[in-house]
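File shown: input-v9.cif. Contents: mmCIF, C-alpha atoms and all ligand atoms.
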data_input
loop_
_atom_site.label_atom_id
_atom_site.label_comp_id
_atom_site.auth_asym_id
_atom_site.auth_seq_id
_atom_site.Cartn_x
_atom_site.Cartn_y
_atom_site.Cartn_z
CA MET O 23 37.39 107.58 103.41
CA ILE O 24 40.21 105.15 103.03
CA ILE O 25 42.32 106.94 100.42
CA PRO O 26 43.23 110.05 102.47
CA ALA O 27 44.20 107.76 105.37
CA ILE O 28 46.66 105.90 103.09
CA LYS O 29 48.02 109.18 101.78
CA LYS O 30 48.50 110.33 105.35
CA ALA O 31 50.35 107.13 106.20
CA ARG O 32 52.57 107.49 103.10
CA LEU O 33 53.31 111.06 104.10
CA ARG O 34 54.32 109.94 107.58
CA ILE O 35 56.64 107.23 106.14
CA SER O 36 58.24 109.63 103.73
CA GLN O 37 58.85 112.14 106.52
CA LEU O 38 60.31 109.35 108.64
CA ASP O 39 62.51 108.26 105.67
CA ARG O 40 63.83 111.77 105.27
CA THR O 41 64.60 111.99 108.97
CA VAL O 42 66.40 108.63 108.94
CA VAL O 43 68.38 109.48 105.77
CA THR O 44 69.41 112.83 107.23
CA ALA O 45 70.51 111.20 110.48
CA VAL O 46 72.46 108.49 108.59
CA VAL O 47 74.19 111.02 106.35
CA LEU O 48 75.16 113.11 109.38
CA LEU O 49 76.44 110.07 111.25
CA ALA O 50 78.25 108.80 108.15
CA SER O 51 80.14 112.07 107.86
CA VAL O 52 81.35 111.59 111.44
CA PHE O 53 81.93 107.78 111.35
CA PRO O 54 82.34 106.96 107.63
CA VAL O 55 84.28 103.71 107.98
CA GLU O 56 82.25 102.11 110.74
CA LEU O 57 78.89 102.78 109.13
CA PHE O 58 79.66 101.86 105.52
CA PRO O 59 82.52 99.38 105.28
CA ASN O 60 83.23 98.33 101.68
CA THR O 61 83.83 94.71 102.63
CA PRO O 62 83.15 93.11 105.97
CA THR O 63 86.50 92.56 107.67
CA GLN O 64 86.90 89.02 108.96
CA PRO O 65 89.58 87.75 111.25
CA LYS O 66 92.48 86.17 109.38
CA GLY O 67 92.48 82.41 109.31
CA ILE O 68 88.76 82.14 110.06
CA ASP O 69 88.26 79.35 107.51
CA GLY O 70 90.89 76.96 108.83
CA GLN O 71 94.54 76.18 109.30
CA TYR O 72 97.23 74.27 107.44
CA SER O 73 100.82 73.62 108.31
CA GLY O 74 103.87 72.40 106.47
CA LYS O 75 107.64 72.43 106.53
CA GLN O 76 109.84 74.60 104.34
CA GLY O 77 110.14 72.96 100.91
CA GLN O 78 106.91 70.97 101.21
CA VAL O 79 103.68 71.13 99.19
CA ILE O 80 100.30 71.58 100.90
CA VAL O 81 97.15 70.45 99.12
CA VAL O 82 94.39 72.96 99.91
CA LYS O 83 90.83 71.95 99.16
CA ILE O 84 87.86 74.29 98.86
CA PRO O 85 84.42 72.66 98.76
CA ALA O 86 82.39 73.39 95.64
CA ASP O 87 79.28 74.68 97.36
CA GLU O 88 78.54 76.92 94.41
CA GLN O 89 79.21 77.24 90.72
CA ALA O 90 82.63 78.84 90.98
CA THR O 91 84.06 80.26 87.79
CA GLU O 92 87.52 80.93 89.20
CA VAL O 93 89.30 80.22 92.46
CA ARG O 94 92.59 81.95 93.17
CA GLY O 95 94.73 82.27 96.24
CA THR O 96 97.53 84.51 97.45
CA PHE O 97 100.23 83.40 99.85
CA LEU O 98 103.18 85.68 100.72
CA THR O 99 102.52 87.66 97.50
CA ARG O 100 102.63 84.49 95.37
CA ALA O 101 99.55 83.69 93.27
CA ILE O 102 98.14 80.19 93.87
CA PRO O 103 95.77 79.04 91.12
CA PHE O 104 93.11 76.49 92.03
CA PHE O 105 91.67 73.86 89.71
CA PRO O 106 88.73 71.45 89.87
CA ASP O 107 89.69 68.46 92.01
CA PRO O 108 90.71 65.74 89.52
CA ARG O 109 90.13 62.92 92.00
CA SER O 110 86.97 61.02 91.21
CA ALA O 111 86.44 59.85 94.80
CA GLY O 112 85.36 62.34 97.44
CA ALA O 113 83.36 65.54 97.43
CA PRO O 114 83.68 67.82 94.41
CA GLY O 115 85.64 70.98 94.94
CA TYR O 116 88.68 72.99 93.98
CA VAL O 117 92.25 72.25 94.97
CA GLY O 118 95.33 74.41 95.03
CA LEU O 119 98.92 73.31 95.48
CA LEU O 120 100.61 75.58 97.96
CA GLY O 121 104.38 75.33 97.74
CA ILE O 122 106.31 76.47 100.78
CA ASP O 123 109.59 77.91 99.61
CA MET O 124 112.73 76.49 101.22
CA GLN O 125 113.40 79.96 102.66
CA ASP O 126 109.87 81.10 103.58
CA GLU O 127 109.90 82.68 107.02
CA PRO O 128 108.78 80.21 109.70
CA GLY O 129 105.58 81.31 111.47
CA THR O 130 101.95 81.87 110.55
CA HIS O 131 101.05 83.50 107.23
CA GLU O 132 97.69 84.05 105.58
CA LEU O 133 96.45 82.17 102.53
CA ALA O 134 93.72 84.45 101.14
CA ILE O 135 91.39 82.88 98.59
CA ASP O 136 88.89 84.51 96.23
CA VAL O 137 86.11 82.25 95.04
CA GLN O 138 84.54 83.94 92.05
CA SER O 139 81.07 82.99 90.81
CA GLY O 140 80.08 85.29 87.99
CA GLU O 141 80.20 88.81 89.45
CA GLN O 142 80.22 87.58 93.05
CA VAL O 143 83.50 87.08 94.94
CA ARG O 144 83.52 85.11 98.18
CA LYS O 145 86.60 85.60 100.33
CA LEU O 146 88.20 82.86 102.39
CA SER O 147 91.11 83.11 104.78
CA PHE O 148 93.32 80.32 106.09
CA ASN O 149 96.28 80.40 108.39
CA VAL O 150 99.33 78.53 107.19
CA LEU O 151 101.94 77.63 109.74
CA VAL O 152 105.36 77.39 108.08
CA VAL O 153 107.54 75.05 110.11
CA LYS O 154 111.31 75.41 109.97
CA GLU O 155 113.09 72.47 108.33
CA LYS O 156 116.46 71.40 109.64
CA PHE O 157 118.56 71.45 106.49
CA HIS O 158 121.89 69.68 106.23
CA VAL O 159 125.17 71.48 105.87
CA GLU O 160 127.33 70.23 103.01
CA HIS O 161 130.96 71.02 102.33
CA LEU O 162 131.98 70.89 98.69
CA THR O 163 135.32 71.32 97.02
CA LEU O 164 135.17 72.48 93.44
CA PRO O 165 137.64 74.01 90.97
CA LYS O 166 138.23 77.62 92.04
CA ASP O 167 136.97 79.11 88.77
CA LYS O 168 133.61 77.33 89.18
CA VAL O 169 133.04 78.93 92.58
CA ASP O 170 134.65 82.35 92.22
CA LEU O 171 133.28 83.49 88.90
CA ASP O 172 135.37 86.05 87.01
CA GLU O 173 133.69 89.14 85.61
CA LYS O 174 132.96 87.59 82.22
CA SER O 175 131.49 84.41 83.72
CA ARG O 176 129.46 86.44 86.16
CA ALA O 177 127.94 88.48 83.30
CA ARG O 178 127.16 85.26 81.45
CA TRP O 179 125.55 83.73 84.54
CA LYS O 180 123.40 86.84 85.05
CA ALA O 181 122.26 86.84 81.40
CA GLU O 182 121.38 83.15 81.70
CA GLN O 183 119.35 83.79 84.85
CA GLU O 184 117.46 86.50 82.98
CA GLN O 185 116.85 84.18 80.01
CA VAL O 186 115.30 81.54 82.30
CA LYS O 187 113.22 84.13 84.15
CA LEU O 188 111.78 85.40 80.86
CA ALA O 189 111.06 81.89 79.59
CA LEU O 190 109.30 80.89 82.80
CA ALA O 191 107.27 84.09 82.95
CA GLU O 192 105.14 82.45 80.29
CA ASN O 193 103.29 79.51 81.79
CA SER O 194 100.47 77.32 80.67
CA ARG O 195 97.17 78.51 82.11
CA LEU O 196 95.97 74.92 81.89
CA ARG O 197 96.91 72.08 84.18
CA LEU O 198 98.99 69.75 82.00
CA TRP O 199 100.11 67.22 84.62
CA ARG O 200 97.75 64.28 85.00
CA SER O 201 98.21 62.32 88.18
CA ASP O 202 101.20 60.40 89.53
CA PHE O 203 104.55 62.16 89.47
CA ILE O 204 107.53 59.92 88.93
CA GLU O 205 111.19 59.98 89.83
CA PRO O 206 113.13 60.95 86.68
CA VAL O 207 116.10 58.68 87.44
CA ASN O 208 116.32 55.68 89.70
CA GLY O 209 119.60 56.43 91.39
CA LYS O 210 121.21 57.34 94.64
CA ARG O 211 120.30 60.68 96.19
CA THR O 212 123.64 62.39 96.66
CA GLY O 213 122.76 66.04 97.16
CA ILE O 214 119.95 66.85 99.51
CA PHE O 215 117.33 69.51 98.88
CA GLY O 216 117.80 72.64 100.96
CA SER O 217 121.34 71.83 102.08
CA VAL O 218 123.29 74.82 103.20
CA ARG O 219 126.32 74.73 100.94
CA ILE O 220 129.83 75.65 101.83
CA MET O 221 131.86 75.70 98.61
CA ASN O 222 135.62 75.86 99.03
CA GLY O 223 134.99 77.23 102.53
CA GLN O 224 132.48 79.93 101.46
CA ALA O 225 128.76 79.87 102.30
CA ARG O 226 126.63 79.79 99.13
CA SER O 227 122.93 79.66 98.23
CA PRO O 228 121.15 76.59 99.59
CA HIS O 229 120.73 73.65 97.25
CA ASN O 230 117.42 74.17 95.46
CA GLY O 231 116.90 70.63 94.16
CA GLU O 232 117.87 67.02 94.67
CA ASP O 233 120.93 65.40 93.12
CA ILE O 234 120.57 61.83 91.91
CA GLY O 235 123.83 60.07 91.14
CA ALA O 236 123.73 57.78 88.09
CA PRO O 237 126.15 56.77 85.35
CA ILE O 238 126.64 59.03 82.33
CA GLY O 239 124.06 58.22 79.67
CA THR O 240 121.34 57.02 82.08
CA ASP O 241 117.88 57.95 80.80
CA VAL O 242 116.20 60.97 82.40
CA ALA O 243 112.39 60.88 82.32
CA ALA O 244 109.91 63.75 82.57
CA THR O 245 108.22 63.59 85.97
CA ASN O 246 104.79 64.28 84.46
CA ASP O 247 103.07 65.59 81.33
CA GLY O 248 104.02 69.09 80.25
CA ILE O 249 105.50 71.34 77.62
CA VAL O 250 109.23 71.97 77.26
CA ARG O 251 109.48 75.67 78.01
CA ILE O 252 113.22 76.04 77.40
CA THR O 253 116.32 73.91 76.85
CA VAL O 254 119.65 75.43 77.83
CA ASP O 255 123.41 74.96 77.93
CA HIS O 256 124.35 77.13 80.87
CA LEU O 257 127.51 77.88 82.82
CA LEU O 258 126.45 76.30 86.12
CA SER O 259 123.47 74.07 85.30
CA GLY O 260 125.06 72.71 82.12
CA ARG O 261 122.72 71.19 79.58
CA GLY O 262 119.23 71.44 81.00
CA VAL O 263 115.53 71.14 80.34
CA TYR O 264 112.71 73.16 81.94
CA VAL O 265 109.27 71.51 81.71
CA ASP O 266 106.12 73.58 82.28
CA HIS O 267 103.39 71.41 83.84
CA GLY O 268 100.85 74.23 83.86
CA LEU O 269 99.46 76.61 86.48
CA GLY O 270 102.92 77.77 87.54
CA PHE O 271 104.35 74.28 88.13
CA TYR O 272 107.84 73.64 86.63
CA SER O 273 110.33 70.81 86.83
CA MET O 274 113.95 71.14 85.76
CA TYR O 275 116.70 68.70 84.89
CA PHE O 276 120.36 69.82 84.87
CA HIS O 277 123.92 68.65 84.06
CA LEU O 278 122.66 66.43 81.20
CA SER O 279 125.09 64.93 78.71
CA GLU O 280 122.38 64.99 76.04
CA VAL O 281 119.07 66.79 75.63
CA LEU O 282 116.53 64.84 73.58
CA VAL O 283 113.72 67.43 73.37
CA LYS O 284 113.27 70.90 71.90
CA ASP O 285 111.63 74.09 73.15
CA GLY O 286 107.85 73.79 72.77
CA ASP O 287 107.77 69.96 72.65
CA LEU O 288 104.90 68.30 74.48
CA VAL O 289 106.17 65.57 76.77
CA ARG O 290 104.45 62.73 78.59
CA ALA O 291 105.18 61.47 82.09
CA GLY O 292 108.01 58.97 81.78
CA GLN O 293 109.15 60.18 78.38
CA ILE O 294 112.95 60.23 78.08
CA ILE O 295 113.98 63.87 77.70
CA GLY O 296 117.74 63.57 78.16
CA LYS O 297 120.68 61.60 79.52
CA VAL O 298 122.57 61.95 82.78
CA GLY O 299 125.84 63.86 82.48
CA ALA O 300 128.22 66.13 84.35
CA THR O 301 127.95 69.34 82.31
CA GLY O 302 128.11 72.74 84.01
CA ARG O 303 129.25 72.91 87.63
CA ALA O 304 129.16 69.30 88.76
CA THR O 305 131.54 67.14 90.72
CA GLY O 306 130.54 64.02 88.76
CA PRO O 307 127.71 62.50 86.71
CA HIS O 308 124.30 63.05 88.27
CA LEU O 309 120.92 64.58 87.63
CA HIS O 310 120.01 67.78 89.44
CA TRP O 311 116.22 67.65 89.70
CA GLY O 312 114.47 70.86 90.74
CA VAL O 313 110.85 71.97 91.05
CA LYS O 314 109.30 75.42 91.18
CA LEU O 315 105.68 75.74 92.24
CA ASN O 316 104.22 79.21 91.77
CA GLY O 317 107.60 80.74 92.48
CA ALA O 318 108.40 78.55 95.51
CA ARG O 319 111.40 76.22 95.42
CA VAL O 320 110.05 72.96 96.77
CA ASN O 321 111.51 69.52 97.36
CA PRO O 322 110.93 67.53 94.15
CA TYR O 323 110.34 64.37 96.19
CA ALA O 324 107.28 66.10 97.70
CA LEU O 325 105.64 65.52 94.30
CA LEU O 326 105.77 61.77 94.72
CA ASP O 327 103.55 62.07 97.79
CA LEU O 328 100.83 64.17 96.16
CA PRO O 329 97.45 62.46 96.54
CA PHE O 330 96.49 62.45 92.87
CA LYS O 331 96.70 58.79 92.06
CA ASN O 332 93.87 57.85 89.79
CA GLY O 333 93.69 55.79 86.63
CA SER O 334 93.31 58.76 84.31
CA SER O 335 96.98 59.21 83.54
CA PRO O 336 98.77 57.70 80.57
CA ALA O 337 101.25 54.85 81.08
CA THR O 338 104.10 56.09 83.21
CA THR O 339 106.71 53.43 82.77
CA VAL O 340 110.30 54.51 82.91
CA ALA O 341 112.75 52.52 80.82
CA ALA O 342 115.47 50.96 82.93
CA PRO O 343 118.97 52.27 82.21
CA GLU O 344 120.69 50.15 79.56
CA THR O 345 123.97 50.11 81.41
CA ALA O 346 123.96 48.60 84.85
CA ALA O 347 127.16 50.35 85.87
CA PRO O 348 127.42 51.05 89.59
CA VAL O 349 126.81 54.52 90.94
CA PRO O 350 130.14 56.33 91.39
CA ALA O 351 131.51 55.96 94.90
CA VAL O 352 132.41 59.66 95.16
CA PRO O 353 129.36 61.71 96.13
CA VAL O 354 128.34 63.78 93.14
CA LYS O 355 126.43 66.96 93.51
CA ASP O 356 125.50 70.52 92.60
ZN ZN S 1 122.12 69.89 92.52
#

Any chance you could give the structure as structure tokens?
Amino acid sequence: MIIPAIKKARLRISQLDRTVVTAVVLLASVFPVELFPNTPTQPKGIDGQYSGKQGQVIVVKIPADEQATEVRGTFLTRAIPFFPDPRSAGAPGYVGLLGIDMQDEPGTHELAIDVQSGEQVRKLSFNVLVVKEKFHVEHLTLPKDKVDLDEKSRARWKAEQEQVKLALAENSRLRLWRSDFIEPVNGKRTGIFGSVRIMNGQARSPHNGEDIGAPIGTDVAATNDGIVRITVDHLLSGRGVYVDHGLGFYSMYFHLSEVLVKDGDLVRAGQIIGKVGATGRATGPHLHWGVKLNGARVNPYALLDLPFKNGSSPATTVAAPETAAPVPAVPVKD
């Protein structure tokens, strides 16, 4: 008979199963982690390596070998959102803009990426070598009350910092910038990004933007498409505009004599949003141009080198300043 033989075989398998399960359970109670790891642990940096200097922007590309629904990265606790690669040429995939803060610790840090496809999450790990930048040292002489803030000014400055922090906590979840970034003012760079600043003989925070010297009233253009998150008139930055370009990417424009946009306005690359001035703490008329990328203070000029130059952006012409007055001879900064 065939049937009893099958039954016998089944019985043997089920006895074997029980034995195996018992052995596994016993072993698992002794070596729980080794036998049943929740996620396979992979060496850090197994998927590749990038490197960049403090203040620079690294373009990280992940191939689209699957239908990803979301790609997100983490670098030194900062969230790095990825977006479908807008460049028409080349392989499809996702790109993330990794900003290296001007004061990120030099050395190797992990960029961990989660590629989500429906319920599935694929984990990637890259090593990012942060290279120390040699920043300049600048000595500035300013009116004493602009450097040594009294109690009242200090309270005002703190409240203003808080106001900006709150406004920038809200960012567009969509990428608003299109392609080419442009220089907001064609002028002379008078204050260098990352400079260590000695004001009236005292060491201060490094310079977190670039200063572009230009005559009062020179047009200031938005570097790319975005939404005006907040306009301010602050103690140190003077009249200023913060533009949200989406996905944690902000540009800011300080010391303006005039602001020509309002909170919530949509702006286009090249649109005139204000005029050069010397409001706030400034030694003369200039634009302070700053950029924050997912919490990292990066060199705004790094934007001009980003490899997103396709024909999909709107016209990005910047009107030439009406006055052709020469740039002031005295270096203007802050
Ligand atoms: Zn400045």

What residues of the protein or nucleic acid chains come within 12 Å of ligand ZN 1 (chain S) when you use all atoms listed in the file? Reply as a PyMOL selection string.
chain O and resi 160+162+211-219+227-235+258-260+262+274-278+300-313+321-322+353-356

Long-range neighbours of region 202-205 of chain O as a VMD selection string, 8 Å cut-off, only C-alpha atoms, 3 positions minimum in chain
chain O and resid 208 243 to 246 291 to 292 323 325 to 326 328 330 to 332 335 338

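Take CA of Phe105 (chain O) and CA of Gly129 (chain O): the distance between them is 26.9 Å.
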
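The coordinates place CA of Arg319 (chain O) at 23.1 Å from CA of Lys168 (chain O).
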
Atom pair CA of Val265 (chain O) + CA of Leu196 (chain O), distance 13.7 Å

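Each of O:Gly95, O:Leu315, O:Ser147, O:Asp107 was checked against Asp123 (chain O) using all atoms listed in the file; the smallest atom-to-atom distance is that of O:Leu315.
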
Identify the residues within 12 Å of coordinate (113.0, 83.4, 83.9) (same frame as the file), considering all atoms listed in the file, and give the answer as JSON, numbers by chain.
{"O": [180, 181, 182, 183, 184, 185, 186, 187, 188, 189, 190, 191, 192, 193, 251, 252, 264, 272, 314, 317]}

Using all atoms of region 277-283 of chain O listed in the file and a margin of 3 Å per side, can you give the axis-aligned box centre and edge lengths in Å to one decimal, as JSON?
{"center_x": 119.4, "center_y": 66.7, "center_z": 78.7, "size_x": 17.4, "size_y": 9.8, "size_z": 16.7}

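Distance check against Ser273 (chain O) using all atoms listed in the file: of O:Val250, O:Ile68, O:Leu119, O:Ala177, the minimum falls on O:Val250.
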
What lies within 8 Å of Ser73 (chain O) using only C-alpha atoms, ignoring chain neighbours under 3 positions off, as an MDAnalysis selection string?
chainID O and resid 80 150:153

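Nearest-residue note for Met221 (chain O): choosing from O:Val169, O:Ile294, O:Val320, O:Leu288, the minimum distance belongs to O:Val169, counting all atoms listed in the file.
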
Looking at all atoms listed in the file, which of O:Ser194, O:Ser201, O:Gln78, O:Gln125 is the one that sits closest to Arg290 (chain O)?
O:Ser201

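Closest approach to Asp69 (chain O) among O:Ala90, O:Met124, O:Leu146, O:Val117: O:Leu146, based on only C-alpha atoms.
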
Residue nearest Lys174 (chain O) - candidates O:Leu98, O:Leu257, O:Pro103, O:Pro65, atoms counted: all atoms listed in the file:
O:Leu257

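Using all atoms listed in the file, the contacts of region 132-134 of chain O at a cut-off of 10 Å, with sequence neighbours closer than 6 positions omitted, comprise O:Lys66, O:Gly67, O:Asp69, O:Gly70, O:Gln71, O:Tyr72, O:Val82, O:Arg94, O:Gly95, O:Thr96, O:Phe97, O:Leu98, O:Thr99, O:Arg100, O:Ala101, O:Ile102, O:Leu120, O:Lys145, O:Leu146, O:Ser147, O:Phe148, O:Asn149, O:Val150, O:Leu151.
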
Write the residues of the preceding selection, restricted to C-alpha atoms, as a short mmCIF file (atom, residue, chain, number, x, y, z; two decimals), keeping the file's coordinate frame.
data_model
loop_
_atom_site.label_atom_id
_atom_site.label_comp_id
_atom_site.auth_asym_id
_atom_site.auth_seq_id
_atom_site.Cartn_x
_atom_site.Cartn_y
_atom_site.Cartn_z
CA LYS O 66 92.48 86.17 109.38
CA GLY O 67 92.48 82.41 109.31
CA ASP O 69 88.26 79.35 107.51
CA GLY O 70 90.89 76.96 108.83
CA GLN O 71 94.54 76.18 109.30
CA TYR O 72 97.23 74.27 107.44
CA VAL O 82 94.39 72.96 99.91
CA ARG O 94 92.59 81.95 93.17
CA GLY O 95 94.73 82.27 96.24
CA THR O 96 97.53 84.51 97.45
CA PHE O 97 100.23 83.40 99.85
CA LEU O 98 103.18 85.68 100.72
CA THR O 99 102.52 87.66 97.50
CA ARG O 100 102.63 84.49 95.37
CA ALA O 101 99.55 83.69 93.27
CA ILE O 102 98.14 80.19 93.87
CA LEU O 120 100.61 75.58 97.96
CA LYS O 145 86.60 85.60 100.33
CA LEU O 146 88.20 82.86 102.39
CA SER O 147 91.11 83.11 104.78
CA PHE O 148 93.32 80.32 106.09
CA ASN O 149 96.28 80.40 108.39
CA VAL O 150 99.33 78.53 107.19
CA LEU O 151 101.94 77.63 109.74
#
